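Asker: Contents are mmCIF, C-alpha atoms; file name upload.cif:
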data_run
loop_
_atom_site.group_PDB
_atom_site.id
_atom_site.type_symbol
_atom_site.label_atom_id
_atom_site.label_comp_id
_atom_site.auth_asym_id
_atom_site.auth_seq_id
_atom_site.Cartn_x
_atom_site.Cartn_y
_atom_site.Cartn_z
ATOM 1 C CA MET U 1 -23.836 -8.292 -18.384
ATOM 2 C CA SER U 2 -21.955 -5.004 -18.271
ATOM 3 C CA ARG U 3 -20.524 -3.850 -14.958
ATOM 4 C CA LYS U 4 -20.064 -0.160 -14.276
ATOM 5 C CA THR U 5 -16.520 0.757 -13.243
ATOM 6 C CA ARG U 6 -14.337 3.814 -13.091
ATOM 7 C CA LYS U 7 -12.923 4.973 -16.408
ATOM 8 C CA ALA U 8 -10.319 7.439 -17.538
ATOM 9 C CA LEU U 9 -12.143 9.336 -20.278
ATOM 10 C CA ASP U 10 -9.406 11.730 -21.306
ATOM 11 C CA CYS U 11 -5.813 12.548 -20.441
ATOM 12 C CA LYS U 12 -4.238 15.813 -21.554
ATOM 13 C CA LEU U 13 -0.619 16.919 -21.294
ATOM 14 C CA VAL U 14 -0.594 20.281 -19.527
ATOM 15 C CA GLY U 15 3.162 20.880 -19.445
ATOM 16 C CA GLN U 16 6.331 20.224 -17.537
ATOM 17 C CA SER U 17 6.328 19.998 -13.776
ATOM 18 C CA ASP U 18 7.603 23.071 -11.957
ATOM 19 C CA ILE U 19 9.474 20.944 -9.422
ATOM 20 C CA ASP U 20 11.269 18.422 -11.648
ATOM 21 C CA PRO U 21 11.806 19.034 -15.387
ATOM 22 C CA LYS U 22 11.871 15.261 -16.064
ATOM 23 C CA TYR U 23 8.217 14.982 -15.028
ATOM 24 C CA PHE U 24 5.133 16.215 -16.844
ATOM 25 C CA ARG U 25 1.757 17.332 -15.573
ATOM 26 C CA TYR U 26 -1.380 15.735 -16.974
ATOM 27 C CA GLU U 27 -5.070 16.374 -16.414
ATOM 28 C CA VAL U 28 -7.046 13.140 -16.309
ATOM 29 C CA THR U 29 -10.820 13.200 -16.738
ATOM 30 C CA ILE U 30 -12.278 10.348 -14.671
ATOM 31 C CA GLN U 31 -15.816 8.995 -14.697
ATOM 32 C CA GLU U 32 -16.878 7.213 -11.508
ATOM 33 C CA ALA U 33 -19.155 4.170 -11.492
ATOM 34 C CA ASN U 34 -22.086 6.372 -10.423
ATOM 35 C CA GLY U 35 -21.602 8.651 -13.462
ATOM 36 C CA GLU U 36 -19.822 11.529 -11.722
ATOM 37 C CA VAL U 37 -17.087 13.087 -13.876
ATOM 38 C CA TYR U 38 -14.142 15.056 -12.484
ATOM 39 C CA VAL U 39 -10.632 16.136 -13.480
ATOM 40 C CA ALA U 40 -7.656 14.947 -11.436
ATOM 41 C CA PRO U 41 -4.053 16.148 -11.800
ATOM 42 C CA ALA U 42 -1.386 13.497 -12.415
ATOM 43 C CA PHE U 43 2.387 13.745 -12.657
ATOM 44 C CA GLY U 44 4.788 11.326 -14.319
ATOM 45 C CA ARG U 45 7.619 10.808 -16.772
ATOM 46 C CA ASP U 46 5.066 9.819 -19.407
ATOM 47 C CA MET U 47 1.295 9.327 -19.566
ATOM 48 C CA GLN U 48 1.410 5.701 -18.428
ATOM 49 C CA ASP U 49 3.597 6.592 -15.454
ATOM 50 C CA ALA U 50 1.282 9.458 -14.518
ATOM 51 C CA LEU U 51 -1.802 7.223 -14.660
ATOM 52 C CA SER U 52 -0.152 4.498 -12.584
ATOM 53 C CA ARG U 53 0.927 7.082 -9.983
ATOM 54 C CA LEU U 54 -2.606 8.482 -9.851
ATOM 55 C CA VAL U 55 -4.096 5.012 -9.336
ATOM 56 C CA TRP U 56 -1.476 4.210 -6.672
ATOM 57 C CA THR U 57 -2.201 7.447 -4.809
ATOM 58 C CA GLU U 58 -5.963 6.880 -4.831
ATOM 59 C CA ARG U 59 -5.543 3.268 -3.708
ATOM 60 C CA THR U 60 -3.257 4.357 -0.853
ATOM 61 C CA GLN U 61 -5.766 7.003 0.229
ATOM 62 C CA ALA U 62 -8.554 4.394 0.242
ATOM 63 C CA VAL U 63 -6.505 2.067 2.458
ATOM 64 C CA SER U 64 -5.620 4.941 4.795
ATOM 65 C CA LYS U 65 -9.288 5.876 5.067
ATOM 66 C CA LEU U 66 -10.171 2.253 5.879
ATOM 67 C CA ALA U 67 -7.444 2.075 8.533
ATOM 68 C CA GLY U 68 -8.687 5.344 10.000
ATOM 69 C CA LYS U 69 -12.233 3.994 10.320
ATOM 70 C CA ARG U 70 -11.111 0.682 11.852
ATOM 71 C CA PRO U 71 -8.147 1.302 14.154
ATOM 72 C CA TRP U 72 -8.391 -2.234 15.536
ATOM 73 C CA LEU U 73 -6.979 -3.470 12.199
ATOM 74 C CA GLN U 74 -3.629 -2.000 13.238
ATOM 75 C CA ILE U 75 -3.561 -4.255 16.319
ATOM 76 C CA VAL U 76 -4.051 -7.487 14.312
ATOM 77 C CA PRO U 77 -0.465 -7.645 12.944
ATOM 78 C CA LEU U 78 0.934 -7.025 16.423
ATOM 79 C CA LEU U 79 -1.194 -9.814 17.886
ATOM 80 C CA SER U 80 -0.139 -12.153 15.102
ATOM 81 C CA LEU U 81 3.510 -11.453 15.921
ATOM 82 C CA PHE U 82 2.889 -12.385 19.553
ATOM 83 C CA CYS U 83 1.078 -15.546 18.453
ATOM 84 C CA VAL U 84 4.059 -16.596 16.314
ATOM 85 C CA LEU U 85 6.440 -15.978 19.203
ATOM 86 C CA GLY U 86 4.061 -17.772 21.592
ATOM 87 C CA MET U 87 3.914 -20.859 19.379
ATOM 88 C CA PHE U 88 7.689 -21.126 19.409
ATOM 89 C CA ALA U 89 7.784 -20.553 23.189
ATOM 90 C CA VAL U 90 5.270 -23.372 23.765
ATOM 91 C CA GLN U 91 7.245 -25.671 21.475
ATOM 92 C CA SER U 92 10.407 -24.773 23.389
ATOM 93 C CA SER U 93 8.854 -25.720 26.718
ATOM 94 C CA VAL U 94 7.357 -28.954 25.318
ATOM 95 C CA ASP U 95 10.674 -30.105 23.818
ATOM 96 C CA ASN U 96 12.739 -28.549 26.638
ATOM 97 C CA ASP U 97 14.975 -27.062 23.946
ATOM 98 C CA PRO U 98 15.866 -23.330 23.989
ATOM 99 C CA MET U 99 16.632 -23.446 20.255
ATOM 100 C CA TRP U 100 12.894 -22.955 19.566
ATOM 101 C CA ILE U 101 13.003 -19.558 21.294
ATOM 102 C CA LEU U 102 15.879 -18.501 19.033
ATOM 103 C CA VAL U 103 13.978 -19.720 15.966
ATOM 104 C CA GLY U 104 10.927 -17.757 17.156
ATOM 105 C CA LEU U 105 12.979 -14.608 17.625
ATOM 106 C CA ALA U 106 14.500 -15.106 14.159
ATOM 107 C CA ALA U 107 11.003 -15.494 12.688
ATOM 108 C CA LEU U 108 9.886 -12.363 14.541
ATOM 109 C CA GLY U 109 12.912 -10.484 13.159
ATOM 110 C CA ALA U 110 12.154 -11.688 9.637
ATOM 111 C CA ILE U 111 8.528 -10.559 9.909
ATOM 112 C CA LEU U 112 9.606 -7.133 11.184
ATOM 113 C CA ALA U 113 12.202 -6.837 8.403
ATOM 114 C CA VAL U 114 9.559 -7.591 5.772
ATOM 115 C CA ALA U 115 7.283 -4.989 7.387
ATOM 116 C CA VAL U 116 10.039 -2.351 7.251
ATOM 117 C CA VAL U 117 10.840 -3.145 3.604
ATOM 118 C CA TRP U 118 7.118 -3.028 2.730
ATOM 119 C CA THR U 119 6.723 0.347 4.460
ATOM 120 C CA LYS U 120 9.701 1.764 2.565
ATOM 121 C CA TYR U 121 8.236 0.420 -0.683
ATOM 122 C CA LEU U 122 4.892 2.105 0.025
ATOM 123 C CA ASP U 123 6.575 5.397 0.944
ATOM 124 C CA LYS U 124 8.635 5.288 -2.268
ATOM 125 C CA HIS U 125 5.503 5.293 -4.418
#
Could you show the structure in this file as structure tokens?

Answerer:
Amino acid sequence: MSRKTRKALDCKLVGQSDIDPKYFRYEVTIQEANGEVYVAPAFGRDMQDALSRLVWTERTQAVSKLAGKRPWLQIVPLLSLFCVLGMFAVQSSVDNDPMWILVGLAALGAILAVAVVWTKYLDKH
């Protein structure tokens, strides 16, 4: 059984980028799953880099559109952080040991650090 997916039909080198001479501009002809064909610009050091940047950009736009439609999804990570901290607070009161609060705050800090690193990684691409 053949499944219809998006395909890059053609990729042509247009020339060097006006902004950075190390990058090149490509025109990629894309066919959607429904048969629609369009040309998208892509920039990269080579054709593979340009295609990967184009895919990354479109994927990021799709996630942004999803987050825009469902703003409650942005609250879920915040609630999960409070749940993690709450679990450590309950354990601290059960054991009567303040070390659990410190461990919870360290876990909270680690989660926030990972979130900051992830955000910087997404902004880099």

Asker: Which residues come within 10 Å of segment 75-80 of chain U, counting only C-alpha atoms, excluding same-chain residues fewer than 6 positions away, as a compact mmCIF listing (two decimals) with C-alpha atoms, in the frame of the given file?

Answerer:
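Result file selection.txt:
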# COMPACT_ATOMS: atom_id res chain seq x y z
CA GLY U 86 4.06 -17.77 21.59
CA ILE U 111 8.53 -10.56 9.91
CA ALA U 115 7.28 -4.99 7.39

Asker: Evaluate the PyMOL selection byres ((chain U and resi 34) around 12) here and jot the selected residues down as a list in words.

Answerer: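 Applied to this file, the PyMOL selection byres ((chain U and resi 34) around 12) selects Arg3, Lys4, Thr5, Arg6, Lys7, Ile30, Gln31, Glu32, Ala33, Gly35, Glu36, Val37 and Tyr38 of chain U.
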
Asker: Give me, please, the distance in Å between atom CA of Ala89 of chain U and atom CA of Gly104 of chain U, quoted to one decimal.

Answerer: 7.4 Å

Asker: Return as a list of chain:residue names the set of residues that the PyMOL selection byres ((chain U and resi 20-28) around 6) yields on the displayed structure.

Answerer: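 Checked against the file, the PyMOL selection byres ((chain U and resi 20-28) around 6) matches U:Asp10, U:Cys11, U:Lys12, U:Leu13, U:Val14, U:Gly15, U:Gln16, U:Ser17, U:Asp18, U:Ile19, U:Thr29, U:Val39, U:Ala40, U:Pro41, U:Ala42, U:Phe43, U:Gly44, U:Arg45.
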
Asker: Which value, in Å to one decimal, gives the distance between atom CA of Cys83 of chain U and atom CA of Ile101 of chain U?

Answerer: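 A separation of 12.9 Å between them.
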
Asker: Just to confirm, what's the straight-line distance from atom CA of Ala106 of chain U to atom CA of Lys120 of chain U in Å (one decimal)?

Answerer: 21.0 Å

Asker: So which residues get picked by the PyMOL selection byres ((chain U and resi 57) around 12) here, written as a count of residues only?

Answerer: 22

Asker: With 3 Å on each side, where is the centre of the axis-aligned box around all listed atoms of segment 86-102 of chain U, and how long are its edges in Å to one decimal, as AutoDock Vina command-line options?

Answerer:
--center_x 10.3 --center_y -23.9 --center_z 22.9 --size_x 18.7 --size_y 18.3 --size_z 13.7
